[in-house]
Amino acid sequence: MMNKNIFEFMPASRSAELILACGGRSSRMGGENKLLSNISGKPCIYRSCEPFCSFPEIKRIIISAPDKLADAYKSALNGIDKPVLFVSSGETRQQSVANAVNAATEDIIMIHDGARPLVSTEEIRASLDDAFEYGSSIVSTPMTETIRFSDGETSYSPDRSKYYLIKTPQSFSRKLYLYALANATGDYTDDAQLLDSVGIMPHLTMGSRNNIKITVPEDSKMAEGLSGFSSIRIGHGYDVHKLVPGRKLILGGVEVPYSLGLLGHSDADVLTHALMDSLLGAAALGDIGKLFPDTDEKYKGADSIELLREVCRILRDNGFEIVNTDITVIAQKPKLSPFILTMRENLARAMEIDIGCVSVKATTEEGLGFTGTGEGIAAHAVSLIKG
């Protein structure tokens with residue numbers, strides 16, 4: 001029996017705030033903070049917020065989190081295009097959400113788990129609309145697998161057609177939620193249960209099975225596969241250096257015995273330079289001239305393999321992973337085939353990828369051009385990254 005007439009609590013507008021519940025301890029994640037775990041190049045907490053940002057009705061994001069994690073979560077949310085307010089989480093989920101609800105001011109609150117990074121805009125729209133029409137909305141999906149009840153004495157399979165998996169967002173008239181909080185008879189792990197406790201039946205809104213919650217490490221891998229966030233990008237790099245006496249010939253981090261070496265500000269490793277430019281080009285992050293200018297004495301004689309490590313770090317900081325690379329060195333002399341395997345090993349180690357993803361080839365130009373006459377060595381590289 002409903003304790004109050006729900007129509008007393010209907011929202012006056014669709015104006016809303018997102019409440020992100022981030023008070024969990026990630027106890028089943030093997031030591032990793034699940035909200036900071038990487039989901040296709042972005043932290044989980046960022047992915048959980050991002051879809052809500054396209055809704056003009058949602059005016060602000062209120063995050064309930066432990067004070068000691070606030071700075072880490074603020075950093076992880078860099079780029080989120082909504083005002084963000086942090087409030088302290090409580091000892092239980094209900095207390096944590098209540099702290100955020102008490103800071104809210106809009107007519108509708110949308111409560112979402114910080115560990116649900118795959119919520120769709122369709123689910124958000126449906127939940128927001130239903131909250132405005134019915135006063136409440138619980139995103140859920142019908143049970144599709146056989147379930148079984150057992151208490152050690154009784155065991156049976158109930159009719160699954162009447163069961164639903166409860167997800168988030170769970171959206172409410174703020175006035176209705178405050179009424180439920182004020183009259184709750186217990187502490188609940190779910191906002192729908194809170195409404196149940198005061199005799200109000202929440203409205204079910206159908207959602208997506210992809211809207212999973214990250215609880216154990218395997219969930220992060222599943223989210224990666226389901227996300228659809230990854231995009232494949234390709235980059236091309238080209239470099240050339242002049243051969244001169246009195247310099248070492250370094251290619252792919254290998255010192256190749258030869259009477260001439262490549263002229264340059266660093267070690268002039270033309271192969272590795274082309275590779276770095278292909279990686280930076282794929283990520284649209286400039287080139288090695290921008291990152292490691294030859295006017296900077298810091299890079300005089302620099303080991304290009306170490307510069308490659310730095311390029312790879314920059315790529316990963318920007319949410320990219322290297323898929324593979326294919327490099328062609330153009331040199332009339334010396335013969336490079338005896339050194340190619342070691343080159344591949346050096347590059348793979350620096351990029352932290354499998355050697356099977358690194359191809360290095362060498363060719364001549366049959367005496368044509370500056371490489372054919374032995375004036376210099378050139379290299380082309382093509383790299384694939386995902387992000």
# chains A, B, ... in the order shown; residues from 1 in each chain; ligands from 1
call {"tool": "closest_atom_pairs", "arguments": {"of": "stretch 18-64 of chain A", "to": "stretch 168-192 of chain A", "cutoff": "12 Å", "atoms": "only C-alpha atoms", "output": "tab-separated table"}}
result
residue	atom	partner	partner_atom	distance
A:Leu18	CA	A:Pro169	CA	8.9
A:Ile19	CA	A:Pro169	CA	9.1
A:Leu20	CA	A:Pro169	CA	9.2
A:Ala21	CA	A:Thr168	CA	10.3
A:Gly24	CA	A:Thr189	CA	11.6
A:Ser48	CA	A:Pro169	CA	10.3
A:Cys49	CA	A:Pro169	CA	11.1
A:Pro51	CA	A:Pro169	CA	11.6
A:Phe52	CA	A:Pro169	CA	10.3
A:Ile58	CA	A:Ser171	CA	11.8
call {"tool": "select_by_dssp", "arguments": {"residues": "stretch 15-199 of chain A", "states": "helix (DSSP H, G or I)", "output": "count of residues only"}}
result
67
call {"tool": "residues_around", "arguments": {"residues": "stretch 294-306 of chain A", "least_positions_apart": "5", "cutoff": "12 Å", "atoms": "only C-alpha atoms", "output": "ChimeraX atom specification"}}
result
/A:247-248,250-255,262-276,288-289,311-313,343-351
call {"tool": "select_by_dssp", "arguments": {"residues": "stretch 255-329 of chain A", "states": "strand (DSSP E or B)", "output": "ChimeraX atom specification"}}
result
/A:255,260-262,321-329
call {"tool": "write_last_selection", "arguments": {"atoms": "all heavy atoms", "output": "JSON list (two decimals), in the first residue's frame"}}
result
[["chain", "number", "residue", "atom", "x", "y", "z"],
["A", 255, "GLU", "N", 74.44, -0.98, -33.18],
["A", 255, "GLU", "CA", 75.60, -0.38, -33.82],
["A", 255, "GLU", "C", 76.07, -1.32, -34.94],
["A", 255, "GLU", "O", 76.57, -2.42, -34.69],
["A", 255, "GLU", "CB", 76.72, -0.14, -32.82],
["A", 255, "GLU", "CG", 77.92, 0.57, -33.44],
["A", 255, "GLU", "CD", 79.02, 0.90, -32.44],
["A", 255, "GLU", "OE1", 78.73, 0.92, -31.22],
["A", 255, "GLU", "OE2", 80.16, 1.13, -32.88],
["A", 260, "LEU", "N", 81.20, 4.52, -42.29],
["A", 260, "LEU", "CA", 80.50, 5.79, -42.18],
["A", 260, "LEU", "C", 79.36, 5.67, -41.17],
["A", 260, "LEU", "O", 78.88, 4.58, -40.88],
["A", 260, "LEU", "CB", 79.92, 6.20, -43.55],
["A", 260, "LEU", "CG", 80.90, 6.31, -44.72],
["A", 260, "LEU", "CD1", 80.14, 6.57, -46.02],
["A", 260, "LEU", "CD2", 81.92, 7.40, -44.47],
["A", 261, "GLY", "N", 78.95, 6.83, -40.66],
["A", 261, "GLY", "CA", 77.81, 6.86, -39.75],
["A", 261, "GLY", "C", 76.85, 7.96, -40.15],
["A", 261, "GLY", "O", 77.14, 8.76, -41.05],
["A", 262, "LEU", "N", 75.70, 8.01, -39.52],
["A", 262, "LEU", "CA", 74.68, 8.98, -39.87],
["A", 262, "LEU", "C", 74.86, 10.27, -39.07],
["A", 262, "LEU", "O", 75.08, 10.25, -37.87],
["A", 262, "LEU", "CB", 73.29, 8.40, -39.63],
["A", 262, "LEU", "CG", 72.92, 7.25, -40.58],
["A", 262, "LEU", "CD1", 71.63, 6.58, -40.12],
["A", 262, "LEU", "CD2", 72.77, 7.75, -42.01],
["A", 321, "GLU", "N", 47.11, 2.53, -27.59],
["A", 321, "GLU", "CA", 47.95, 1.34, -27.51],
["A", 321, "GLU", "C", 48.47, 1.02, -28.90],
["A", 321, "GLU", "O", 47.77, 1.21, -29.90],
["A", 321, "GLU", "CB", 47.17, 0.15, -26.94],
["A", 321, "GLU", "CG", 46.77, 0.29, -25.48],
["A", 321, "GLU", "CD", 47.97, 0.27, -24.54],
["A", 321, "GLU", "OE1", 49.00, -0.34, -24.89],
["A", 321, "GLU", "OE2", 47.87, 0.88, -23.46],
["A", 322, "ILE", "N", 49.70, 0.53, -28.97],
["A", 322, "ILE", "CA", 50.31, 0.20, -30.26],
["A", 322, "ILE", "C", 49.85, -1.19, -30.69],
["A", 322, "ILE", "O", 49.92, -2.15, -29.92],
["A", 322, "ILE", "CB", 51.84, 0.25, -30.15],
["A", 322, "ILE", "CG1", 52.28, 1.65, -29.71],
["A", 322, "ILE", "CG2", 52.49, -0.13, -31.48],
["A", 322, "ILE", "CD1", 53.72, 1.72, -29.24],
["A", 323, "VAL", "N", 49.40, -1.29, -31.94],
["A", 323, "VAL", "CA", 48.98, -2.58, -32.49],
["A", 323, "VAL", "C", 50.15, -3.25, -33.20],
["A", 323, "VAL", "O", 50.54, -4.36, -32.88],
["A", 323, "VAL", "CB", 47.79, -2.41, -33.45],
["A", 323, "VAL", "CG1", 47.38, -3.76, -34.05],
["A", 323, "VAL", "CG2", 46.60, -1.78, -32.72],
["A", 324, "ASN", "N", 50.72, -2.58, -34.18],
["A", 324, "ASN", "CA", 51.89, -3.13, -34.89],
["A", 324, "ASN", "C", 52.57, -2.04, -35.70],
["A", 324, "ASN", "O", 52.03, -0.94, -35.87],
["A", 324, "ASN", "CB", 51.50, -4.30, -35.80],
["A", 324, "ASN", "CG", 50.81, -3.84, -37.06],
["A", 324, "ASN", "OD1", 49.76, -3.20, -37.01],
["A", 324, "ASN", "ND2", 51.39, -4.15, -38.22],
["A", 325, "THR", "N", 53.77, -2.34, -36.18],
["A", 325, "THR", "CA", 54.50, -1.40, -37.01],
["A", 325, "THR", "C", 55.29, -2.14, -38.07],
["A", 325, "THR", "O", 55.70, -3.29, -37.87],
["A", 325, "THR", "CB", 55.45, -0.53, -36.15],
["A", 325, "THR", "OG1", 55.98, 0.52, -36.94],
["A", 325, "THR", "CG2", 56.58, -1.36, -35.57],
["A", 326, "ASP", "N", 55.47, -1.48, -39.23],
["A", 326, "ASP", "CA", 56.22, -2.07, -40.35],
["A", 326, "ASP", "C", 57.19, -1.01, -40.86],
["A", 326, "ASP", "O", 56.77, 0.08, -41.26],
["A", 326, "ASP", "CB", 55.24, -2.49, -41.46],
["A", 326, "ASP", "CG", 55.95, -3.16, -42.63],
["A", 326, "ASP", "OD1", 57.06, -3.69, -42.43],
["A", 326, "ASP", "OD2", 55.39, -3.13, -43.75],
["A", 327, "ILE", "N", 58.48, -1.31, -40.82],
["A", 327, "ILE", "CA", 59.53, -0.33, -41.13],
["A", 327, "ILE", "C", 60.37, -0.84, -42.29],
["A", 327, "ILE", "O", 60.75, -2.02, -42.33],
["A", 327, "ILE", "CB", 60.44, -0.09, -39.91],
["A", 327, "ILE", "CG1", 59.59, 0.25, -38.67],
["A", 327, "ILE", "CG2", 61.45, 1.02, -40.19],
["A", 327, "ILE", "CD1", 60.31, 0.02, -37.36],
["A", 328, "THR", "N", 60.67, 0.05, -43.24],
["A", 328, "THR", "CA", 61.56, -0.27, -44.35],
["A", 328, "THR", "C", 62.74, 0.68, -44.34],
["A", 328, "THR", "O", 62.55, 1.91, -44.38],
["A", 328, "THR", "CB", 60.84, -0.16, -45.71],
["A", 328, "THR", "OG1", 59.72, -1.07, -45.72],
["A", 328, "THR", "CG2", 61.78, -0.52, -46.85],
["A", 329, "VAL", "N", 63.95, 0.13, -44.28],
["A", 329, "VAL", "CA", 65.18, 0.92, -44.33],
["A", 329, "VAL", "C", 65.72, 0.86, -45.76],
["A", 329, "VAL", "O", 65.80, -0.22, -46.36],
["A", 329, "VAL", "CB", 66.23, 0.39, -43.35],
["A", 329, "VAL", "CG1", 67.48, 1.27, -43.38],
["A", 329, "VAL", "CG2", 65.67, 0.31, -41.95]]
call {"tool": "atom_distance", "arguments": {"atom1": "atom CA of A:Lys59", "atom2": "atom CA of A:Ile212"}}
result
25.1 Å
call {"tool": "closest_atom_pairs", "arguments": {"of": "stretch 182-299 of chain A", "to": "stretch 108-132 of chain A", "cutoff": "7 Å", "atoms": "only C-alpha atoms", "output": "Markdown table"}}
result
| residue | atom | partner | partner_atom | distance |
| --- | --- | --- | --- | --- |
| A:Thr205 | CA | A:Ser127 | CA | 6.3 |
| A:Gly207 | CA | A:Glu123 | CA | 5.6 |
| A:Asn210 | CA | A:Leu118 | CA | 6.5 |
| A:Asn211 | CA | A:Leu118 | CA | 5.0 |
| A:Ile212 | CA | A:Arg116 | CA | 5.9 |
| A:Lys213 | CA | A:Arg116 | CA | 4.6 |
| A:Ile214 | CA | A:Ala115 | CA | 5.2 |
| A:Ser227 | CA | A:Leu118 | CA | 6.4 |
call {"tool": "atom_distance", "arguments": {"atom1": "atom CA of A:Asp107", "atom2": "atom CA of A:Glu133"}}
result
12.4 Å
call {"tool": "residues_around", "arguments": {"residues": "A:Gly367", "least_positions_apart": "6", "cutoff": "12 Å", "atoms": "only C-alpha atoms", "output": "NGL selection string"}}
result
:A and (330-333 or 373-376)
call {"tool": "residues_around", "arguments": {"residues": "stretch 316-320 of chain A", "least_positions_apart": "4", "cutoff": "9 Å", "atoms": "only C-alpha atoms", "output": "compact mmCIF listing (two decimals) with C-alpha atoms, in the first residue's frame"}}
result
# COMPACT_ATOMS: atom_id res chain seq x y z
CA ASN A 38 41.30 1.57 -17.97
CA SER A 40 39.54 1.53 -23.85
CA GLY A 41 41.94 4.31 -22.99
CA LYS A 42 39.87 6.20 -20.39
CA ALA A 283 47.88 9.82 -32.63
CA VAL A 311 57.03 8.52 -27.27
CA CYS A 312 55.27 5.30 -26.25
CA ILE A 385 47.48 2.18 -32.97
CA LYS A 386 44.14 1.90 -31.19
CA GLY A 387 42.50 4.23 -28.73
call {"tool": "residues_around", "arguments": {"residues": "A:Ala103", "least_positions_apart": "4", "cutoff": "9 Å", "atoms": "only C-alpha atoms", "output": "list in words"}}
result
Ile62, Leu85, Val87, Ala98 and Asn99 of chain A
call {"tool": "write_last_selection", "arguments": {"atoms": "C-alpha atoms", "output": "PDB file, in the first residue's frame"}}
result
ATOM      1  CA  ILE A  62      27.543  15.287  -7.951  1.00  0.00           C
ATOM      2  CA  LEU A  85      30.714  18.740  -7.218  1.00  0.00           C
ATOM      3  CA  VAL A  87      30.694  15.298  -1.506  1.00  0.00           C
ATOM      4  CA  ALA A  98      21.893  10.674   0.684  1.00  0.00           C
ATOM      5  CA  ASN A  99      24.886  13.023   1.078  1.00  0.00           C
TER       6      ASN A  99
END
call {"tool": "decode", "arguments": {"residues": "stretch 73-104 of chain A", "atoms": "N, CA, C and O atoms", "output": "tab-separated table (two decimals), in the first residue's frame"}}
result
chain	number	residue	atom	x	y	z
A	73	TYR	N	40.05	11.13	-8.48
A	73	TYR	CA	38.86	11.10	-9.33
A	73	TYR	C	38.71	12.39	-10.13
A	73	TYR	O	38.29	12.38	-11.29
A	74	LYS	N	39.07	13.53	-9.53
A	74	LYS	CA	39.03	14.80	-10.26
A	74	LYS	C	39.96	14.74	-11.47
A	74	LYS	O	39.61	15.18	-12.56
A	75	SER	N	41.16	14.20	-11.26
A	75	SER	CA	42.12	14.07	-12.35
A	75	SER	C	41.59	13.14	-13.44
A	75	SER	O	41.73	13.41	-14.63
A	76	ALA	N	40.97	12.04	-13.02
A	76	ALA	CA	40.44	11.06	-13.99
A	76	ALA	C	39.29	11.64	-14.81
A	76	ALA	O	39.02	11.18	-15.92
A	77	LEU	N	38.61	12.66	-14.27
A	77	LEU	CA	37.47	13.26	-14.96
A	77	LEU	C	37.86	14.47	-15.80
A	77	LEU	O	36.98	15.17	-16.30
A	78	ASN	N	39.14	14.70	-15.97
A	78	ASN	CA	39.60	15.83	-16.78
A	78	ASN	C	39.02	15.73	-18.19
A	78	ASN	O	39.20	14.72	-18.87
A	79	GLY	N	38.33	16.76	-18.63
A	79	GLY	CA	37.69	16.75	-19.95
A	79	GLY	C	36.19	16.58	-19.91
A	79	GLY	O	35.53	16.76	-20.94
A	80	ILE	N	35.64	16.22	-18.75
A	80	ILE	CA	34.18	16.09	-18.62
A	80	ILE	C	33.55	17.48	-18.70
A	80	ILE	O	33.93	18.40	-17.96
A	81	ASP	N	32.58	17.63	-19.59
A	81	ASP	CA	32.02	18.95	-19.90
A	81	ASP	C	30.74	19.23	-19.12
A	81	ASP	O	29.70	19.53	-19.69
A	82	LYS	N	30.82	19.10	-17.81
A	82	LYS	CA	29.72	19.46	-16.91
A	82	LYS	C	30.34	19.94	-15.60
A	82	LYS	O	31.43	19.47	-15.21
A	83	PRO	N	29.67	20.84	-14.88
A	83	PRO	CA	30.15	21.17	-13.54
A	83	PRO	C	30.14	19.92	-12.65
A	83	PRO	O	29.21	19.11	-12.73
A	84	VAL	N	31.17	19.76	-11.84
A	84	VAL	CA	31.29	18.59	-10.98
A	84	VAL	C	31.45	19.05	-9.53
A	84	VAL	O	32.29	19.90	-9.22
A	85	LEU	N	30.62	18.48	-8.65
A	85	LEU	CA	30.71	18.74	-7.22
A	85	LEU	C	31.02	17.44	-6.50
A	85	LEU	O	30.38	16.42	-6.74
A	86	PHE	N	32.00	17.45	-5.61
A	86	PHE	CA	32.33	16.27	-4.80
A	86	PHE	C	31.74	16.43	-3.40
A	86	PHE	O	31.83	17.51	-2.79
A	87	VAL	N	31.13	15.35	-2.90
A	87	VAL	CA	30.69	15.30	-1.51
A	87	VAL	C	31.28	14.03	-0.88
A	87	VAL	O	31.62	13.08	-1.58
A	88	SER	N	31.39	14.03	0.42
A	88	SER	CA	31.96	12.87	1.12
A	88	SER	C	30.98	11.70	1.10
A	88	SER	O	29.79	11.88	1.34
A	89	SER	N	31.51	10.52	0.84
A	89	SER	CA	30.68	9.32	0.90
A	89	SER	C	30.47	8.91	2.35
A	89	SER	O	31.18	9.38	3.26
A	90	GLY	N	29.49	8.02	2.59
A	90	GLY	CA	29.21	7.54	3.93
A	90	GLY	C	29.66	6.11	4.12
A	90	GLY	O	30.32	5.52	3.26
A	91	GLU	N	29.27	5.52	5.25
A	91	GLU	CA	29.64	4.15	5.55
A	91	GLU	C	28.89	3.14	4.69
A	91	GLU	O	29.36	2.03	4.46
A	92	THR	N	27.70	3.50	4.21
A	92	THR	CA	26.90	2.61	3.37
A	92	THR	C	26.53	3.34	2.08
A	92	THR	O	26.66	4.57	1.98
A	93	ARG	N	26.04	2.57	1.11
A	93	ARG	CA	25.65	3.19	-0.15
A	93	ARG	C	24.52	4.19	0.06
A	93	ARG	O	24.53	5.29	-0.51
A	94	GLN	N	23.55	3.82	0.88
A	94	GLN	CA	22.42	4.72	1.10
A	94	GLN	C	22.88	6.04	1.72
A	94	GLN	O	22.43	7.11	1.32
A	95	GLN	N	23.81	5.96	2.67
A	95	GLN	CA	24.33	7.18	3.29
A	95	GLN	C	25.11	8.02	2.27
A	95	GLN	O	25.00	9.25	2.25
A	96	SER	N	25.87	7.33	1.41
A	96	SER	CA	26.65	8.04	0.39
A	96	SER	C	25.75	8.78	-0.59
A	96	SER	O	25.98	9.95	-0.91
A	97	VAL	N	24.70	8.09	-1.06
A	97	VAL	CA	23.77	8.72	-1.99
A	97	VAL	C	23.02	9.85	-1.31
A	97	VAL	O	22.79	10.92	-1.89
A	98	ALA	N	22.62	9.64	-0.05
A	98	ALA	CA	21.89	10.67	0.68
A	98	ALA	C	22.71	11.96	0.79
A	98	ALA	O	22.17	13.07	0.67
A	99	ASN	N	24.02	11.84	1.01
A	99	ASN	CA	24.89	13.02	1.08
A	99	ASN	C	24.84	13.82	-0.22
A	99	ASN	O	24.84	15.06	-0.21
A	100	ALA	N	24.79	13.09	-1.34
A	100	ALA	CA	24.74	13.75	-2.64
A	100	ALA	C	23.36	14.34	-2.90
A	100	ALA	O	23.23	15.46	-3.41
A	101	VAL	N	22.30	13.59	-2.55
A	101	VAL	CA	20.94	14.08	-2.76
A	101	VAL	C	20.70	15.36	-1.97
A	101	VAL	O	20.04	16.30	-2.44
A	102	ASN	N	21.23	15.43	-0.78
A	102	ASN	CA	21.06	16.62	0.06
A	102	ASN	C	21.77	17.84	-0.52
A	102	ASN	O	21.44	18.98	-0.16
A	103	ALA	N	22.73	17.60	-1.41
A	103	ALA	CA	23.42	18.72	-2.07
A	103	ALA	C	22.77	19.09	-3.40
A	103	ALA	O	23.13	20.10	-4.00
A	104	ALA	N	21.84	18.25	-3.86
A	104	ALA	CA	21.19	18.49	-5.16
A	104	ALA	C	20.14	19.59	-5.05
A	104	ALA	O	19.59	19.85	-3.97
